[in-house]
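Content type compact mmCIF, C-alpha atoms, from the file coords_7.txt:
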```
# COMPACT_ATOMS: atom_id res chain seq x y z
CA MET U 1 15.04 27.18 25.62
CA PRO U 2 18.33 25.49 24.73
CA GLN U 3 19.62 25.68 21.18
CA LEU U 4 19.07 22.25 19.66
CA LYS U 5 21.70 20.59 17.48
CA PRO U 6 21.48 17.71 14.99
CA TYR U 7 21.19 14.34 16.70
CA LYS U 8 22.87 10.99 16.12
CA PHE U 9 21.55 7.69 17.47
CA HIS U 10 22.92 4.31 18.53
CA ARG U 11 22.74 1.72 15.77
CA LEU U 12 19.94 -0.85 15.77
CA LEU U 13 20.74 -3.80 13.52
CA LYS U 14 18.20 -6.50 12.69
CA SER U 15 19.13 -10.10 11.87
CA VAL U 16 16.64 -11.73 9.50
CA ILE U 17 16.47 -14.89 7.43
CA TRP U 18 17.22 -13.02 4.18
CA GLY U 19 19.96 -10.72 5.52
CA GLY U 20 23.67 -10.55 4.67
CA SER U 21 26.82 -8.58 5.47
CA SER U 22 26.53 -5.50 3.25
CA ILE U 23 25.23 -3.13 5.94
CA ALA U 24 28.25 -3.56 8.23
CA ASN U 25 30.55 -3.09 5.25
CA PHE U 26 28.59 -0.07 4.04
CA LYS U 27 28.72 1.55 7.48
CA ASN U 28 32.36 0.51 7.98
CA ILE U 29 31.57 -0.98 11.39
CA GLU U 30 32.39 -4.22 13.14
CA SER U 31 29.51 -6.40 14.27
CA ASP U 32 29.22 -9.96 15.55
CA GLN U 33 25.66 -10.16 14.24
CA THR U 34 25.03 -12.39 11.25
CA LEU U 35 22.35 -12.19 8.57
CA VAL U 36 21.89 -8.45 9.15
CA GLY U 37 19.11 -7.40 6.81
CA GLU U 38 18.10 -4.06 8.29
CA SER U 39 19.57 -1.12 10.13
CA TRP U 40 16.80 0.91 11.77
CA GLU U 41 18.37 4.34 11.49
CA LEU U 42 15.55 6.29 13.12
CA SER U 43 12.67 4.49 14.79
CA ALA U 44 9.85 5.20 17.22
CA VAL U 45 8.34 1.71 16.84
CA ASP U 46 7.46 0.26 20.24
CA GLY U 47 10.21 -2.04 21.45
CA ASN U 48 12.59 -0.85 18.75
CA GLU U 49 13.13 2.82 19.53
CA SER U 50 16.24 4.72 18.53
CA VAL U 51 18.34 6.01 21.45
CA VAL U 52 20.21 9.32 21.34
CA LYS U 53 23.99 9.05 21.18
CA GLY U 54 25.89 11.92 22.82
CA GLY U 55 24.99 15.46 23.83
CA ASP U 56 22.70 16.77 26.57
CA ASP U 57 19.94 14.29 25.63
CA ASP U 58 22.18 11.22 25.57
CA GLY U 59 20.28 8.02 26.37
CA LEU U 60 16.78 9.32 25.60
CA THR U 61 14.58 7.30 23.29
CA LEU U 62 13.24 9.08 20.23
CA SER U 63 9.79 9.36 21.82
CA GLN U 64 11.29 10.82 25.01
CA LEU U 65 13.27 13.27 22.89
CA VAL U 66 10.12 14.46 21.11
CA GLU U 67 8.27 14.68 24.43
CA ARG U 68 11.05 16.84 25.89
CA HIS U 69 11.46 19.27 22.99
CA LYS U 70 8.08 19.03 21.25
CA GLY U 71 7.65 21.39 18.28
CA ALA U 72 11.20 22.70 18.56
CA LEU U 73 12.36 19.25 17.50
CA VAL U 74 9.73 18.06 15.02
CA GLY U 75 7.86 21.25 14.08
CA GLU U 76 4.75 22.72 15.70
CA LYS U 77 2.28 21.33 13.16
CA VAL U 78 3.91 17.90 13.29
CA TYR U 79 3.70 17.85 17.08
CA GLU U 80 0.05 18.93 17.02
CA LYS U 81 -0.77 16.03 14.71
CA PHE U 82 1.43 13.22 16.06
CA GLY U 83 2.32 14.20 19.63
CA LYS U 84 5.41 12.37 20.85
CA ARG U 85 5.02 9.71 18.16
CA PHE U 86 7.74 10.40 15.59
CA PRO U 87 6.00 9.99 12.20
CA LEU U 88 8.75 8.37 10.09
CA LEU U 89 10.74 5.14 10.22
CA ILE U 90 14.09 5.28 8.43
CA LYS U 91 15.96 2.11 7.43
CA LEU U 92 18.81 0.61 5.46
CA ILE U 93 17.93 -2.75 3.90
CA ASP U 94 20.35 -5.41 2.66
CA ALA U 95 18.59 -8.13 0.68
CA ASP U 96 21.12 -10.95 0.46
CA GLN U 97 18.16 -13.13 -0.54
CA ASP U 98 14.78 -12.19 -2.02
CA LEU U 99 12.49 -10.50 0.46
CA SER U 100 8.93 -11.75 0.65
CA LEU U 101 6.29 -10.43 -1.73
CA GLN U 102 4.19 -8.19 0.49
CA VAL U 103 1.77 -5.31 0.82
CA HIS U 104 0.92 -2.76 3.51
CA PRO U 105 -2.55 -1.50 4.48
CA ASN U 106 -3.57 2.14 4.18
CA ASP U 107 -4.39 4.27 7.21
CA LYS U 108 -8.11 3.42 7.20
CA LEU U 109 -7.61 -0.34 7.05
CA ALA U 110 -4.73 -0.29 9.52
CA GLN U 111 -6.77 1.71 12.02
CA GLU U 112 -9.70 -0.67 11.69
CA ARG U 113 -7.59 -3.80 12.10
CA HIS U 114 -4.61 -2.77 14.19
CA GLY U 115 -5.33 0.63 15.72
CA CYS U 116 -2.31 2.23 14.06
CA PHE U 117 -1.20 4.04 10.92
CA GLY U 118 -0.78 2.27 7.61
CA LYS U 119 2.46 2.24 5.68
CA THR U 120 3.39 4.24 2.62
CA GLU U 121 7.11 4.11 1.82
CA ALA U 122 9.81 4.98 -0.70
CA TRP U 123 13.09 3.32 -1.69
CA TYR U 124 16.38 4.67 -2.98
CA VAL U 125 18.73 2.07 -4.50
CA ILE U 126 22.17 2.64 -2.97
CA ASP U 127 23.89 -0.34 -4.59
CA HIS U 128 23.05 -3.65 -6.23
CA LYS U 129 24.59 -6.80 -7.62
CA SER U 130 24.34 -7.77 -11.27
CA GLY U 131 20.88 -8.98 -12.18
CA ALA U 132 19.19 -7.63 -9.05
CA LYS U 133 15.48 -6.85 -9.35
CA ILE U 134 12.87 -4.71 -7.63
CA LEU U 135 9.28 -5.96 -7.60
CA SER U 136 6.72 -3.17 -7.55
CA GLY U 137 3.13 -3.01 -8.77
CA MET U 138 0.96 -5.11 -11.06
CA LYS U 139 1.97 -5.85 -14.64
CA LEU U 140 -1.36 -7.60 -15.38
CA GLN U 141 -4.79 -6.48 -14.25
CA SER U 142 -5.99 -8.63 -11.38
CA SER U 143 -8.77 -8.89 -8.82
CA PRO U 144 -9.25 -10.30 -5.33
CA GLU U 145 -10.50 -13.56 -6.86
CA ASP U 146 -7.62 -13.83 -9.34
CA TYR U 147 -5.11 -12.99 -6.58
CA THR U 148 -6.45 -15.76 -4.33
CA ARG U 149 -6.29 -18.30 -7.14
CA ARG U 150 -2.74 -17.33 -8.07
CA VAL U 151 -1.49 -17.51 -4.50
CA ASN U 152 -2.98 -20.98 -4.20
CA ASP U 153 -1.55 -22.29 -7.49
CA GLY U 154 1.86 -20.60 -7.14
CA THR U 155 1.58 -18.15 -10.05
CA ILE U 156 1.29 -14.90 -8.08
CA LEU U 157 4.68 -13.64 -9.32
CA ASP U 158 3.42 -13.85 -12.91
CA ILE U 159 1.29 -10.73 -12.44
CA VAL U 160 3.82 -8.63 -10.49
CA ALA U 161 5.99 -6.08 -12.34
CA GLN U 162 9.75 -6.67 -12.04
CA HIS U 163 12.34 -3.94 -12.64
CA ASP U 164 16.11 -4.10 -13.16
CA SER U 165 17.96 -2.31 -10.34
CA HIS U 166 20.15 0.73 -11.01
CA VAL U 167 22.03 2.88 -8.52
CA GLY U 168 19.96 6.00 -7.91
CA ASP U 169 16.61 4.40 -8.78
CA VAL U 170 13.66 5.66 -6.75
CA PHE U 171 10.50 3.65 -6.06
CA PHE U 172 7.41 5.16 -4.45
CA LEU U 173 5.25 2.54 -2.74
CA PRO U 174 1.89 3.89 -1.62
CA ALA U 175 -0.04 1.66 0.75
CA GLY U 176 -1.71 -1.07 -1.27
CA ARG U 177 1.05 -1.50 -3.85
CA ILE U 178 2.37 -5.06 -3.90
CA HIS U 179 6.17 -5.15 -3.76
CA GLY U 180 9.36 -6.98 -2.88
CA ILE U 181 13.11 -6.34 -2.82
CA GLY U 182 15.04 -8.81 -4.93
CA ALA U 183 18.30 -10.42 -3.83
CA GLY U 184 21.40 -8.26 -4.24
CA ASN U 185 19.93 -4.82 -3.42
CA LEU U 186 21.07 -2.32 -0.79
CA ILE U 187 18.23 0.13 -0.17
CA ALA U 188 17.52 3.30 1.82
CA GLU U 189 13.89 3.29 2.95
CA ILE U 190 11.65 6.13 4.12
CA GLN U 191 8.26 5.10 5.51
CA GLN U 192 5.45 5.94 7.87
CA THR U 193 6.01 4.79 11.43
CA SER U 194 4.28 1.44 11.18
CA ASP U 195 5.44 -2.15 11.35
CA ILE U 196 2.35 -3.70 9.72
CA THR U 197 3.25 -5.99 6.81
CA TYR U 198 1.09 -8.54 5.03
CA ARG U 199 3.33 -11.27 3.62
CA VAL U 200 1.85 -12.80 0.46
CA TYR U 201 4.59 -15.12 -0.84
CA ASP U 202 7.92 -16.12 0.73
CA TYR U 203 9.56 -18.34 -1.90
CA ASP U 204 8.73 -21.40 0.24
CA ARG U 205 11.88 -20.82 2.31
CA ARG U 206 12.37 -22.35 5.74
CA ASP U 207 14.28 -21.30 8.83
CA ALA U 208 16.96 -23.32 10.65
CA ASN U 209 14.22 -25.38 12.29
CA GLY U 210 12.52 -26.18 8.99
CA ASN U 211 9.59 -23.84 9.62
CA THR U 212 8.05 -21.54 7.03
CA ARG U 213 7.19 -17.96 7.93
CA GLU U 214 3.60 -16.89 8.47
CA LEU U 215 1.73 -15.63 5.42
CA HIS U 216 -1.13 -13.13 5.51
CA VAL U 217 -2.92 -14.04 2.31
CA ALA U 218 -6.45 -13.25 3.49
CA GLN U 219 -5.48 -9.93 5.13
CA ALA U 220 -3.63 -8.80 2.00
CA ARG U 221 -6.59 -9.53 -0.28
CA ASP U 222 -8.47 -6.39 0.81
CA ALA U 223 -5.31 -4.26 1.07
CA ILE U 224 -3.93 -4.69 -2.47
CA ASP U 225 -4.42 -2.12 -5.21
CA TYR U 226 -5.01 -4.33 -8.28
CA THR U 227 -4.72 -1.48 -10.81
CA VAL U 228 -2.00 -1.56 -13.47
CA TYR U 229 -0.24 1.84 -13.63
CA PRO U 230 1.83 3.20 -16.57
CA SER U 231 5.04 3.37 -14.52
CA TYR U 232 6.31 2.33 -11.11
CA VAL U 233 9.76 3.94 -11.19
CA GLU U 234 10.24 7.60 -10.24
CA PRO U 235 12.76 9.80 -12.10
CA PRO U 236 16.19 8.66 -10.81
CA LEU U 237 18.60 10.76 -8.84
CA GLY U 238 21.29 11.67 -11.35
CA ASP U 239 24.72 13.20 -10.88
CA LYS U 240 23.75 16.88 -11.18
CA PRO U 241 24.97 18.85 -8.12
CA GLY U 242 22.34 20.29 -5.82
CA LEU U 243 18.99 19.24 -4.39
CA THR U 244 16.50 17.09 -6.31
CA ARG U 245 12.98 16.39 -5.09
CA LEU U 246 12.39 12.65 -5.39
CA VAL U 247 9.02 11.91 -3.75
CA GLU U 248 6.25 14.13 -2.40
CA CYS U 249 3.20 12.58 -0.79
CA PRO U 250 0.89 13.37 2.14
CA TYR U 251 3.17 11.47 4.53
CA PHE U 252 6.67 12.68 3.68
CA THR U 253 8.91 14.48 1.24
CA MET U 254 12.06 12.68 0.10
CA SER U 255 14.93 14.49 -1.63
CA GLY U 256 18.45 13.79 -2.78
CA ILE U 257 21.41 16.13 -2.48
CA MET U 258 24.44 15.61 -4.69
CA LEU U 259 27.03 17.54 -2.68
CA ASP U 260 30.00 18.68 -4.73
CA SER U 261 31.79 21.19 -2.51
CA GLU U 262 29.07 23.31 -0.84
CA GLU U 263 25.30 23.76 -0.67
CA THR U 264 23.00 25.83 1.54
CA VAL U 265 19.70 24.17 2.43
CA ALA U 266 16.68 25.90 3.95
CA MET U 267 14.93 23.86 6.62
CA PRO U 268 11.31 22.81 6.05
CA GLU U 269 8.63 23.58 8.65
CA SER U 270 9.50 20.28 10.30
CA PHE U 271 12.50 18.20 11.25
CA LEU U 272 14.87 17.01 8.53
CA VAL U 273 16.36 13.52 8.39
CA VAL U 274 19.71 13.39 6.58
CA MET U 275 21.14 10.04 5.46
CA CYS U 276 24.63 9.88 3.97
CA VAL U 277 24.69 7.14 1.34
CA LYS U 278 28.07 8.04 -0.17
CA GLY U 279 31.09 10.11 0.84
CA GLU U 280 31.19 12.45 3.82
CA ALA U 281 30.01 15.94 4.69
CA VAL U 282 30.17 18.65 7.32
CA ILE U 283 26.84 20.17 8.39
CA THR U 284 26.98 23.67 9.92
CA ASP U 285 23.66 24.96 11.23
CA ASN U 286 22.57 28.58 11.57
CA ASN U 287 23.72 28.59 15.22
CA GLY U 288 27.23 27.60 14.20
CA ALA U 289 27.10 24.02 15.49
CA VAL U 290 29.09 21.59 13.36
CA THR U 291 28.07 17.97 12.73
CA ARG U 292 30.11 15.55 10.65
CA ILE U 293 28.40 12.76 8.76
CA HIS U 294 29.87 9.96 6.66
CA GLN U 295 28.59 7.07 4.55
CA GLY U 296 26.18 4.92 6.54
CA GLU U 297 25.27 7.58 9.12
CA THR U 298 21.93 9.30 9.68
CA VAL U 299 21.24 12.51 11.61
CA LEU U 300 18.03 14.16 12.78
CA VAL U 301 18.04 17.94 12.33
CA PRO U 302 15.64 19.82 14.67
CA ALA U 303 12.89 21.98 13.21
CA SER U 304 14.02 24.99 15.30
CA LEU U 305 17.01 25.42 12.98
CA THR U 306 16.52 27.53 9.86
CA THR U 307 19.38 26.82 7.46
CA LEU U 308 22.14 24.27 6.96
CA ARG U 309 25.44 24.76 5.18
CA LEU U 310 26.69 21.49 3.72
CA GLN U 311 30.32 21.06 2.74
CA GLY U 312 32.13 18.08 1.27
CA HIS U 313 31.60 15.47 -1.40
CA ALA U 314 28.63 13.20 -0.66
CA MET U 315 25.30 11.81 -1.72
CA LEU U 316 22.63 12.61 0.85
CA ILE U 317 19.02 11.45 1.10
CA THR U 318 16.72 13.69 3.14
CA ALA U 319 13.21 13.27 4.50
CA SER U 320 10.71 15.57 6.18
CA VAL U 321 6.94 15.73 6.70
```
Could you rewrite the structure in this file as structure tokens?
Amino acid sequence: MPQLKPYKFHRLLKSVIWGGSSIANFKNIESDQTLVGESWELSAVDGNESVVKGGDDDGLTLSQLVERHKGALVGEKVYEKFGKRFPLLIKLIDADQDLSLQVHPNDKLAQERHGCFGKTEAWYVIDHKSGAKILSGMKLQSSPEDYTRRVNDGTILDIVAQHDSHVGDVFFLPAGRIHGIGAGNLIAEIQQTSDITYRVYDYDRRDANGNTRELHVAQARDAIDYTVYPSYVEPPLGDKPGLTRLVECPYFTMSGIMLDSEETVAMPESFLVVMCVKGEAVITDNNGAVTRIHQGETVLVPASLTTLRLQGHAMLITASV
């Protein structure tokens, strides 16, 4: 078996009605695309798969890569459970305008309706403009009947909790939690591999042809968790050097690494996604292979590796299952 090395992928930028120019600036790349709202850093979504850039597997889609290397790439237990379907979708999101208020179904509901997994996700706030907000969770107790009435009379935002954005903020969004990214936020997103979104409210905006986007009010009614929780913001990633666990759930583990010179990281029993959200770093694996990563880049580290030595000055977000 060949010794696997960390992988990089060709960029996949998405132009959307609410997008801006922050992602190209953040990545320090040139792009003719306008209204770029998302960069799909690592994706196995049908029709939007990441493609390997460089190395012996150059040109393979992510699914083909998993099919070729199986457990050596993703971990034996992960491969047994998901097969060639890579279980996470990794994104950068630039909200130049408010994103829609939305919710995602859980696995049970998504399987019943769409034959796929649901979507639990987590956000890390990379940057924001003054006054930017994150919408997450209910601030007032509601019900399916109250939700329907409020959507119809335009008061749905009155019951949704709004939070001031801060660099380093972490939001965990289990399936069923109503949410939205306010204008002026640059976000790193970790989520289940699923593209199922129920759009509840879209600020009555229209596209260039004067059309509104489709809403999914009825579908969302049975997907929303109407409970009010004590808090919706996870402990933030501070400036203490080393690794900090940010989110642990049945679908993924998300951590932050404040790299100030050098750190050694043990690999989990799965792959490891490494996103560089600030600075630059050199990754040396236990086989001696060297991979350089800078702000705006994402690498996929194979499960067959055991340890990583990180050197440099950077803020890294990692994800595994």
Enumerate, in order of chain and increasing residue number, the residues of segment 222-293 of chain U with an atom no farther than 12 Å from segment 194-209 of chain U, each with its shortest atom pair and distance in Å to one decimal, counting all atoms listed in the file, as a tab-separated table.
```
residue	atom	partner	partner_atom	distance
U:Asp222	CA	U:Tyr198	CA	10.7
U:Ala223	CA	U:Tyr198	CA	8.7
U:Ile224	CA	U:Tyr198	CA	9.8
```
*Give as a PyMOL selection string every residue, naming chains and numbers as the document does, that has an atom within 6 Å of (23.9, 5.7, 3.3), counting all atoms listed in the file.*
chain U and resi 275-278+295-296
_Just to confirm, what's the straight-line distance from atom CA of Leu310 of chain U to atom CA of Phe172 of chain U in Å (one decimal)?_
26.6 Å
Quick one: residues within 7 Å of Ile181 of chain U, only C-alpha atoms counted, chain neighbours fewer than 5 positions away excluded, as an mmCIF file with C-alpha atoms, keeping the file's coordinate frame?
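That gives us selection.cif:
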```cif
data_model
loop_
_atom_site.group_PDB
_atom_site.id
_atom_site.type_symbol
_atom_site.label_atom_id
_atom_site.label_comp_id
_atom_site.auth_asym_id
_atom_site.auth_seq_id
_atom_site.Cartn_x
_atom_site.Cartn_y
_atom_site.Cartn_z
ATOM 1 C CA ALA U 95 18.590 -8.130 0.680
ATOM 2 C CA ASP U 98 14.780 -12.190 -2.020
ATOM 3 C CA LEU U 99 12.490 -10.500 0.460
ATOM 4 C CA LYS U 133 15.480 -6.850 -9.350
ATOM 5 C CA ILE U 134 12.870 -4.710 -7.630
ATOM 6 C CA LEU U 135 9.280 -5.960 -7.600
#
```
*Skip Pro174 of chain U itself and residues of its chain fewer than 6 positions away, then list as a PyMOL selection string all residues within 8 Å of it, counting all atoms listed in the file.*
chain U and resi 119-121
Include C-alpha atoms and write out the residues we just selected as a PDB file, keeping the file's coordinate frame.
```pdb
ATOM      1  CA  LYS U 119       2.460   2.240   5.680  1.00  0.00           C
ATOM      2  CA  THR U 120       3.390   4.240   2.620  1.00  0.00           C
ATOM      3  CA  GLU U 121       7.110   4.110   1.820  1.00  0.00           C
TER       4      GLU U 121
END
```
*asked:* At a cut-off of 9 Å, using all atoms listed in the file, what residues contact Gly242 of chain U? Leave out same-chain residues fewer than 5 positions from it and give the result as a ChimeraX atom specification.
replied: /U:256-260,262-263
_What does the structure give for the distance between atom CA of Asp164 of chain U and atom CA of Pro250 of chain U, in Å to one decimal?_
27.8 Å
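Proximity ranking of U:Ile159, U:Leu243, U:Val167, U:Ala72 relative to Thr227 of chain U places U:Ile159 first, based on all atoms listed in the file.
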*Nearest to Glu269 of chain U among U:Val321, U:Val125, U:Val299, U:Val233, with distances taken over only C-alpha atoms: which residue is it?*
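The answer is U:Val321, which sits nearest to Glu269 of chain U.
Using only C-alpha atoms, the shortest contact distance between Leu62 of chain U and any of U:Leu300, U:Val36, U:Leu308, U:Val160 is found at U:Leu300.
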*Calculate how many Å separate atom CA of Phe9 of chain U from atom CA of Val51 of chain U, rounding to one decimal.*
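About the pair atom CA of Phe9 of chain U and atom CA of Val51 of chain U: they are 5.4 Å apart.
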Can I get the residues of segment 55-111 of chain U within 12 Å of segment 18-34 of chain U, each with the closest pair of atoms and their distance in Å to one decimal, using only C-alpha atoms, sorted chain first then ascending number, as a tab-separated table?
```
residue	atom	partner	partner_atom	distance
U:Lys91	CA	U:Ile23	CA	10.8
U:Leu92	CA	U:Ile23	CA	7.4
U:Ile93	CA	U:Ile23	CA	7.6
U:Asp94	CA	U:Gly19	CA	6.0
U:Ala95	CA	U:Gly19	CA	5.7
U:Asp96	CA	U:Gly20	CA	4.9
U:Gln97	CA	U:Trp18	CA	4.8
U:Asp98	CA	U:Trp18	CA	6.7
U:Leu99	CA	U:Trp18	CA	6.5
U:Ser100	CA	U:Trp18	CA	9.1
```
